[in-house]
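Visitor: Supplied in structure tokens, the structure appears directly below.
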Number of protein chains: 2
Amino acid sequence: MLDVLRHVHLHPETTRAELARDLGLSRGSATEILARLRALDLVEETAAEPTGARGRPTRTVRRHDRGPVVAAVDVSYESWRLAVSHLGGGLEPLRRERYGGQPAEDVLGRISRALREVRTAFGARLRAVGVSMSGTVSGGRLVESATIGWRDVEVAERLRIAPIPVVIGNDATMAGVAEARRGAATGADVALHVAVEVGVGGVVLEHGRATTGSTGAGGEFGHLPFGDPDRPCPCGAHGCWDLEVDGRALARILGAPPPAAPRSAADAVLRRAGEGDPAALAAVEQVARNLGRGIGGLVNALDPRIVTLSGVAAALLDQAGDSVRAAYLSGLMRFRRHDPPPLIRAAFPRDGSLRGAAELAFDTVLSEAGLDSWRADARPAPETV
Amino acid sequence: MLDVLRHVHLHPETTRAELARDLGLSRGSATEILARLRALDLVEETAAEPTGARGRPTRTVRRHDRGPVVAAVDVSYESWRLAVSHLGGGLEPLRRERYGGQPAEDVLGRISRALREVRTAFGARLRAVGVSMSGTVSGGRLVESATIGWRDVEVAERLRIAPIPVVIGNDATMAGVAEARRGAATGADVALHVAVEVGVGGVVLEHGRATTGSTGAGGEFGHLPFGDPDRPCPCGAHGCWDLEVDGRALARILGAPPPAAPRSAADAVLRRAGEGDPAALAAVEQVARNLGRGIGGLVNALDPRIVTLSGVAAALLDQAGDSVRAAYLSGLMRFRRHDPPPLIRAAFPRDGSLRGAAELAFDTVLSEAGLDSWRADARPAPETV
DNA sequence: GCGATTATGCTCGTGAGGCGATCATAATCG
DNA sequence: CGATTATGATCGCCTCACGAGCATAATCGC
């Protein structure tokens, strides 16, 4: 039953016959299970458009209009976004606000109010909240964020606006989940996502499951010491890869002071390089090599099938792809070079983290416990007369 | 049923009552399941020794004397070992041979013959073979081994002496599995194992499951570029961590030529350092810092609950623990420092890889398919009269 | 020593969940 | 318009685990 529901979630436009084939279900089981899902207002079945093939036409399985929804929040540099997602993964943007440099408490208060509005609008249909934060997340807390400027903020509890699960994760992790499940890494057994915004984030995904370590802080690849061992990192360590591949690295190579907004600084340098500025070009090439070399090391260590890139990493792949790839190849162990995992642009450069947050939130809905609680809400009194 | 069998495997000396409690089984189910397992010659039940407590005494659940066994092979530097393991994980060493610098084909032939002897001795009780190789393993092949000196050798198929599963993995991976399931990292949700012999190997374990990437080559942490970017590595890349933490690093720091046997060279330097030789001491300190710094980066990226160390890494922890730990802490992101994952000596410094190979081999036995095939063998003709 | 207490094992009825055979249904093909 | 083809619905069956009630075997307390 859960398998069926998950399949519908991942393949929103399947027909019933496909579903039975893909999951190896007998037609009898399919009938039974789908009847249950229909009764629970989770799916609807409608006549499929005629395919022209012989045989009795099958029916398409769709999400129910009054099925469960989740809220997805993405808190990134200077602005946050809120969207609602339903079975099948579609995203409905609801709100976007810029918040400048306001303190965490104020911003979380605003987000909390917005979530309460969602709760009012959707009632018990709202089953979970997924939150993506630009920064290091550990144990439900935002531990540190160079991007936002907050430190050690309790987020999960602060945004719990109802007795429903709240999942929180790093933005690169979330984006990786989106890529692995519905984006550029769909179907890969093991995928590596690398996002460069301010510093480097990423995640390894096994069959779409993020490996986030013991506290959820896994994927901080930017704090692997790939760089100059003498260069201090704001994280407290030295020689972090972070400092070699983002706007700070570009500025440093160009002899400019550390930028206040490394992401837009990177974009500016990339633009100048695109226009032919030789100094900018040289800096971009250098950073592209730093990126490629590090990814090579990560591939050696983690053995992914495919690598997806987003943010500045994707831009570098576009503008200095040869340098990225050359450094990548020469950073690989020899046996990998004849068939290296491809470097691919992320499919969701804009809303990957929002999508991933929705995805992880939906995981709690599409679980034994989530289904039980949905059942309990649908049938207020479990009659035993 | 599988859960019960796995529990018996992991806790060989449980009583039946404990088993039911731990797995949340009703007593009725326990009775039924254990009756089935007994009928299949998988477990035996004997009266437990009296505890002195009140109530009806329970019975201990043990492996059956004619239950399934697996063979475990460990091919390491200059010698290979063969052992047999049964339900519960106990290891019975059978053979150990030195093979000098012989070609792969000869050595695998010898191992194959030894395995066939095991097959003859145990017959259909032999259900799987686990092989641990000192070197990089990808897709069932030994791709490259600096230690053994072989390159691109098909191992899995070569050692298939019967229609039973053959699992093969890197020795550090196997040792990590053993640590996570029965050793120093037992119970950790996420554990990191780091082994330094010739170069660095390791693995991340989630609930005892090794994350070995898409081809099984995951965990080659030694080829992360933590070192001098200009130093070429035999693997083809540059600046590999490998070159900074093993016997080659110690020799280089001491101004000695590259050792033919880096592992014993490391032991020699460690012994001299232990005897107070100042040059050796300084080299050991330097390598200890290189090790600690890299582990710090790995912990940043992978977020384990605990780190287990074996080989030269464990020796460095013993002899230069303060240096390892200081470099480790200063390589950690700040937020991790107040409660860093502990660095711990491996519990199985000698036979971890053999144990891990047995463990992974037994995974195939303790699976749906493995149980089905055991059932099929026990009842030659599934009567339907 | 013997009933009371306590903890465990066994039996049996129940229910969930899925399989597969059989029949029913709805399209296209000739 | 029947033959063919693919799908849906129904029903008996099987497996698996639960849980209530009874049986069993130890210690405790008098």
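Just remember, in the structure tokens the first chain shown is A, the second B, etc., residues are 1-based per chain, and ligands are 1-based in the order shown.
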Counting only C-alpha atoms (C1' of nucleotides), what are the residues of chain D within 8 Å of chain A, and for each of them which pair of atoms is the nearest and at what distance in Å, to one decimal? Sort the table by chain and rising number, as CSV.
Guide:
residue,atom,partner,partner_atom,distance
D:DT5,C1',A:Gly55,CA,4.5
D:DA6,C1',A:Gly55,CA,4.0
D:DT7,C1',A:Arg56,CA,5.2
D:DG8,C1',A:Thr31,CA,7.2
D:DA9,C1',A:Thr31,CA,7.4
Visitor: Go ahead and write the selection's residues with C-alpha atoms (C1' of nucleotides) as an mmCIF file, in the first residue's frame.
Guide:
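Heads up, here's the output in part-v3.cif:
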data_model
loop_
_atom_site.group_PDB
_atom_site.id
_atom_site.type_symbol
_atom_site.label_atom_id
_atom_site.label_comp_id
_atom_site.auth_asym_id
_atom_site.auth_seq_id
_atom_site.Cartn_x
_atom_site.Cartn_y
_atom_site.Cartn_z
ATOM 1 C "C1'" DT D 5 -6.500 -8.404 -26.366
ATOM 2 C "C1'" DA D 6 -5.734 -6.071 -22.136
ATOM 3 C "C1'" DT D 7 -7.541 -4.748 -18.047
ATOM 4 C "C1'" DG D 8 -10.775 -4.758 -13.700
ATOM 5 C "C1'" DA D 9 -13.474 -7.267 -10.021
#
Visitor: With DSSP run on the backbone, what are the helix (DSSP H, G or I) residues within stretch 297-356 of chain A? I'd like them as number ranges by chain.
Guide: A: 297-302, 312-319, 321-331, 334-336, 352-356
Visitor: Restrict the selected residues to N, CA and C atoms and save them as an mmCIF file, in the first residue's frame.
Guide:
data_model
loop_
_atom_site.group_PDB
_atom_site.id
_atom_site.type_symbol
_atom_site.label_atom_id
_atom_site.label_comp_id
_atom_site.auth_asym_id
_atom_site.auth_seq_id
_atom_site.Cartn_x
_atom_site.Cartn_y
_atom_site.Cartn_z
ATOM 1 N N GLY A 297 38.513 14.352 -5.973
ATOM 2 C CA GLY A 297 38.778 13.700 -4.690
ATOM 3 C C GLY A 297 37.517 13.117 -4.083
ATOM 4 N N LEU A 298 36.438 13.887 -4.156
ATOM 5 C CA LEU A 298 35.175 13.395 -3.596
ATOM 6 C C LEU A 298 34.705 12.143 -4.322
ATOM 7 N N VAL A 299 34.867 12.139 -5.634
ATOM 8 C CA VAL A 299 34.459 10.952 -6.402
ATOM 9 C C VAL A 299 35.329 9.762 -6.020
ATOM 10 N N ASN A 300 36.621 9.973 -5.851
ATOM 11 C CA ASN A 300 37.491 8.895 -5.360
ATOM 12 C C ASN A 300 36.962 8.320 -4.056
ATOM 13 N N ALA A 301 36.570 9.217 -3.152
ATOM 14 C CA ALA A 301 36.207 8.772 -1.812
ATOM 15 C C ALA A 301 34.799 8.217 -1.745
ATOM 16 N N LEU A 302 33.908 8.724 -2.594
ATOM 17 C CA LEU A 302 32.490 8.409 -2.395
ATOM 18 C C LEU A 302 31.898 7.540 -3.489
ATOM 19 N N VAL A 312 27.277 28.404 -8.227
ATOM 20 C CA VAL A 312 28.511 28.823 -8.898
ATOM 21 C C VAL A 312 29.182 27.631 -9.587
ATOM 22 N N ALA A 313 29.015 26.444 -9.003
ATOM 23 C CA ALA A 313 29.629 25.263 -9.618
ATOM 24 C C ALA A 313 29.057 25.026 -11.012
ATOM 25 N N ALA A 314 27.749 25.198 -11.151
ATOM 26 C CA ALA A 314 27.121 25.023 -12.464
ATOM 27 C C ALA A 314 27.597 26.118 -13.414
ATOM 28 N N ALA A 315 27.699 27.334 -12.902
ATOM 29 C CA ALA A 315 28.163 28.440 -13.750
ATOM 30 C C ALA A 315 29.595 28.182 -14.222
ATOM 31 N N LEU A 316 30.417 27.660 -13.324
ATOM 32 C CA LEU A 316 31.796 27.355 -13.713
ATOM 33 C C LEU A 316 31.816 26.256 -14.774
ATOM 34 N N LEU A 317 30.940 25.299 -14.629
ATOM 35 C CA LEU A 317 30.860 24.234 -15.627
ATOM 36 C C LEU A 317 30.493 24.823 -16.995
ATOM 37 N N ASP A 318 29.616 25.828 -16.981
ATOM 38 C CA ASP A 318 29.239 26.469 -18.240
ATOM 39 C C ASP A 318 30.385 27.280 -18.825
ATOM 40 N N GLN A 319 31.017 28.079 -17.973
ATOM 41 C CA GLN A 319 31.950 29.066 -18.496
ATOM 42 C C GLN A 319 33.371 28.559 -18.589
ATOM 43 N N GLY A 321 34.132 24.988 -18.406
ATOM 44 C CA GLY A 321 33.915 23.544 -18.315
ATOM 45 C C GLY A 321 35.172 22.739 -18.584
ATOM 46 N N ASP A 322 35.969 23.173 -19.538
ATOM 47 C CA ASP A 322 37.174 22.414 -19.853
ATOM 48 C C ASP A 322 38.133 22.377 -18.672
ATOM 49 N N SER A 323 38.264 23.518 -18.007
ATOM 50 C CA SER A 323 39.162 23.555 -16.844
ATOM 51 C C SER A 323 38.619 22.692 -15.723
ATOM 52 N N VAL A 324 37.308 22.792 -15.483
ATOM 53 C CA VAL A 324 36.707 21.964 -14.436
ATOM 54 C C VAL A 324 36.952 20.501 -14.751
ATOM 55 N N ARG A 325 36.650 20.110 -15.978
ATOM 56 C CA ARG A 325 36.743 18.689 -16.335
ATOM 57 C C ARG A 325 38.193 18.195 -16.343
ATOM 58 N N ALA A 326 39.096 19.045 -16.832
ATOM 59 C CA ALA A 326 40.503 18.617 -16.850
ATOM 60 C C ALA A 326 41.007 18.383 -15.429
ATOM 61 N N ALA A 327 40.714 19.313 -14.529
ATOM 62 C CA ALA A 327 41.168 19.154 -13.149
ATOM 63 C C ALA A 327 40.466 17.980 -12.490
ATOM 64 N N TYR A 328 39.207 17.814 -12.849
ATOM 65 C CA TYR A 328 38.431 16.688 -12.315
ATOM 66 C C TYR A 328 39.093 15.367 -12.706
ATOM 67 N N LEU A 329 39.374 15.227 -13.995
ATOM 68 C CA LEU A 329 39.965 13.977 -14.482
ATOM 69 C C LEU A 329 41.323 13.725 -13.855
ATOM 70 N N SER A 330 42.123 14.788 -13.752
ATOM 71 C CA SER A 330 43.467 14.541 -13.239
ATOM 72 C C SER A 330 43.435 14.332 -11.725
ATOM 73 N N GLY A 331 42.312 14.652 -11.084
ATOM 74 C CA GLY A 331 42.171 14.366 -9.654
ATOM 75 C C GLY A 331 41.609 12.990 -9.382
ATOM 76 N N ARG A 334 43.418 6.609 -11.355
ATOM 77 C CA ARG A 334 43.580 6.252 -12.765
ATOM 78 C C ARG A 334 42.474 5.330 -13.266
ATOM 79 N N PHE A 335 42.107 4.365 -12.478
ATOM 80 C CA PHE A 335 41.151 3.367 -12.986
ATOM 81 C C PHE A 335 39.779 3.988 -13.270
ATOM 82 N N ARG A 336 39.531 5.166 -12.693
ATOM 83 C CA ARG A 336 38.225 5.787 -12.914
ATOM 84 C C ARG A 336 38.175 6.584 -14.209
ATOM 85 N N GLY A 352 15.499 23.991 -6.242
ATOM 86 C CA GLY A 352 15.861 22.650 -5.799
ATOM 87 C C GLY A 352 15.687 22.468 -4.308
ATOM 88 N N SER A 353 16.120 23.433 -3.524
ATOM 89 C CA SER A 353 16.046 23.240 -2.076
ATOM 90 C C SER A 353 14.595 23.247 -1.597
ATOM 91 N N LEU A 354 13.767 24.052 -2.238
ATOM 92 C CA LEU A 354 12.351 24.063 -1.888
ATOM 93 C C LEU A 354 11.715 22.716 -2.242
ATOM 94 N N ARG A 355 12.041 22.234 -3.423
ATOM 95 C CA ARG A 355 11.522 20.931 -3.845
ATOM 96 C C ARG A 355 11.998 19.826 -2.918
ATOM 97 N N GLY A 356 13.277 19.865 -2.571
ATOM 98 C CA GLY A 356 13.807 18.827 -1.690
ATOM 99 C C GLY A 356 13.157 18.867 -0.322
#
Visitor: Given a cut-off of 6 Å, which residues of chain B touch chain A, counting only C-alpha atoms, written out as a PDB file with C-alpha atoms, in the first residue's frame?
Guide:
ATOM      1  CA  VAL B 190      26.787   6.488  11.753  1.00  0.00           C
ATOM      2  CA  GLY B 213      29.218   3.801  -3.494  1.00  0.00           C
ATOM      3  CA  SER B 214      27.905   2.768  -6.860  1.00  0.00           C
ATOM      4  CA  ALA B 217      34.893   1.486  -4.503  1.00  0.00           C
ATOM      5  CA  GLY B 218      33.691   3.967  -1.878  1.00  0.00           C
ATOM      6  CA  GLY B 219      35.890   4.741   1.089  1.00  0.00           C
ATOM      7  CA  GLU B 220      39.094   5.508  -0.739  1.00  0.00           C
ATOM      8  CA  PHE B 221      39.674   8.438   1.577  1.00  0.00           C
ATOM      9  CA  LEU B 224      41.259  12.963  -1.197  1.00  0.00           C
ATOM     10  CA  PRO B 225      43.680  15.785  -1.967  1.00  0.00           C
ATOM     11  CA  PHE B 226      44.587  16.735   1.587  1.00  0.00           C
ATOM     12  CA  CYS B 235      47.065   6.325  -8.281  1.00  0.00           C
ATOM     13  CA  GLY B 236      47.573   8.958 -10.951  1.00  0.00           C
ATOM     14  CA  ALA B 237      46.278  11.949  -8.999  1.00  0.00           C
ATOM     15  CA  GLY B 297      37.856  17.159   7.532  1.00  0.00           C
ATOM     16  CA  ASN B 300      33.075  17.740   8.932  1.00  0.00           C
ATOM     17  CA  ALA B 301      31.957  16.198   5.675  1.00  0.00           C
ATOM     18  CA  LEU B 302      30.470  12.940   6.905  1.00  0.00           C
ATOM     19  CA  ASP B 303      29.186  13.680  10.388  1.00  0.00           C
ATOM     20  CA  PRO B 304      29.826  10.330  12.084  1.00  0.00           C
ATOM     21  CA  ARG B 305      28.991   9.600  15.709  1.00  0.00           C
ATOM     22  CA  SER B 330      41.616  22.171  15.018  1.00  0.00           C
ATOM     23  CA  GLY B 331      40.438  20.645  11.763  1.00  0.00           C
ATOM     24  CA  LEU B 332      36.857  20.451  12.997  1.00  0.00           C
ATOM     25  CA  MET B 333      34.297  23.132  12.356  1.00  0.00           C
ATOM     26  CA  ARG B 334      33.887  25.183  15.493  1.00  0.00           C
TER      27      ARG B 334
END
Visitor: So that I can see what lies close to A:Arg252, please list as an MDAnalysis selection string the residues with an atom at most 12 Å from it, counting only C-alpha atoms (C1' of nucleotides) and leaving out residues fewer than 2 positions away in the same chain.
Guide: chainID A and resid 231 243:250 254:259 262 265:266 269 279:280 283:284 286:287
Visitor: For the residues selected in the previous step, produce a file with C-alpha atoms as a short mmCIF file (atom, residue, chain, number, x, y, z; two decimals), in the first residue's frame.
Guide:
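This went into result04.cif:
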data_model
loop_
_atom_site.label_atom_id
_atom_site.label_comp_id
_atom_site.auth_asym_id
_atom_site.auth_seq_id
_atom_site.Cartn_x
_atom_site.Cartn_y
_atom_site.Cartn_z
CA ARG A 231 44.40 29.96 5.31
CA LEU A 243 37.70 29.31 0.48
CA GLU A 244 38.97 28.09 -2.89
CA VAL A 245 35.87 27.90 -5.03
CA ASP A 246 33.42 30.67 -4.25
CA GLY A 247 33.21 34.47 -4.56
CA ARG A 248 35.76 34.88 -1.80
CA ALA A 249 38.29 32.87 -3.78
CA LEU A 250 37.63 34.87 -6.93
CA LEU A 254 41.85 39.23 -8.18
CA GLY A 255 43.42 41.06 -5.25
CA ALA A 256 40.06 42.48 -4.14
CA PRO A 257 38.95 42.67 -0.50
CA PRO A 258 36.71 39.92 0.85
CA PRO A 259 33.25 40.55 -0.56
CA PRO A 262 30.27 36.38 -2.04
CA ALA A 265 30.51 38.90 -6.22
CA ALA A 266 31.06 35.57 -7.94
CA VAL A 269 33.37 38.11 -11.82
CA ALA A 279 42.12 38.94 -15.05
CA ALA A 280 38.61 37.75 -14.34
CA ALA A 283 40.59 33.86 -11.73
CA VAL A 284 37.65 31.87 -13.04
CA GLN A 286 41.85 28.94 -11.28
CA VAL A 287 38.67 28.49 -9.30
#
Visitor: Kindly provide, as number ranges by chain, the residues of chain C having any atom no farther than 9 Å from an atom of chain B, counting only C-alpha atoms (C1' of nucleotides).
Guide: C: 5-11
